[in-house]
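Participant: Submitted below is the structure of interest, expressed as structure tokens.
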Amino acid sequence: MDFFLTDIQKDVKKKIMTKSITNLAIGLGIKVIAEDVETKEELLTCKSIGCHYVQGYFIQNPTLNAKEIKTSICILTMLKNKKQHLHIKV
């Protein structure tokens, strides 16, 4: 789904399409995971359209060391802004 999220905050059509897909999934009772989130702006857009979880390089780089893998992280720490609180699972 890289096409949908790359610079999504700059492309109204991408945002509308992704929001529609997200709303459909939520309506069906499905949790939404946005993949390939690579920037703060993409993360905040995913939050604003209702994604439950995100994953991607902005959250954590790939690793083969299991001890380095984060199971859950509070985005407050990453963004340093209490008004943009989002709990993510990676």
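Just remember, in the structure tokens the first chain shown is A, the second B, etc., residues are 1-based per chain, and ligands are 1-based in the order shown.
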Need to verify the contact set: A:Ser48, 12 Å, only C-alpha atoms, exclusion of same-chain residues closer than 3 positions in sequence. Can you return it as a VMD selection string?
Facilitator: chain A and resid 8 to 9 15 to 16 18 to 19 22 to 23 41 to 45 51 to 53 84 to 86
Participant: Mind the document's chain letters and residue numbers, and return as number ranges by chain the residues of stretch 2-68 of chain A that DSSP labels strand (DSSP E).
Facilitator: A: 33-34, 53-54
Participant: For N, CA and C atoms, I'd like the residues from the last selection saved as a compact mmCIF listing (two decimals), in the first residue's frame.
Facilitator:
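Result file is out.txt:
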# COMPACT_ATOMS: atom_id res chain seq x y z
N ILE A 33 -4.34 -1.36 9.73
CA ILE A 33 -2.91 -1.15 9.90
C ILE A 33 -2.38 -0.45 8.66
N ALA A 34 -1.83 0.73 8.84
CA ALA A 34 -1.21 1.46 7.72
C ALA A 34 0.25 1.04 7.64
N TYR A 53 -3.50 1.23 13.73
CA TYR A 53 -2.09 0.94 13.92
C TYR A 53 -1.30 1.38 12.69
N VAL A 54 -0.01 1.58 12.89
CA VAL A 54 0.87 1.91 11.78
C VAL A 54 2.17 1.13 11.92
Participant: In Å, rounded to a single decimal, give me how far atom CA of A:Ala25 is from atom CA of A:Glu38.
Facilitator: 22.5 Å
Participant: Quick one: distance from atom CA of A:Thr63 to atom CA of A:Gly50 in Å, one decimal?
Facilitator: 27.8 Å
Participant: Need to verify the contact set: A:Gln60, 10 Å, only C-alpha atoms, exclusion of same-chain residues closer than 4 positions in sequence. Can you return it as a PyMOL selection string?
Facilitator: chain A and resi 37-38+55-56+68-70+90
Participant: Using Å and a single decimal, report how far atom CA of A:Ile49 sits from atom CA of A:Ser20.
Facilitator: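 Atom CA of A:Ile49 lies 8.9 Å from atom CA of A:Ser20.
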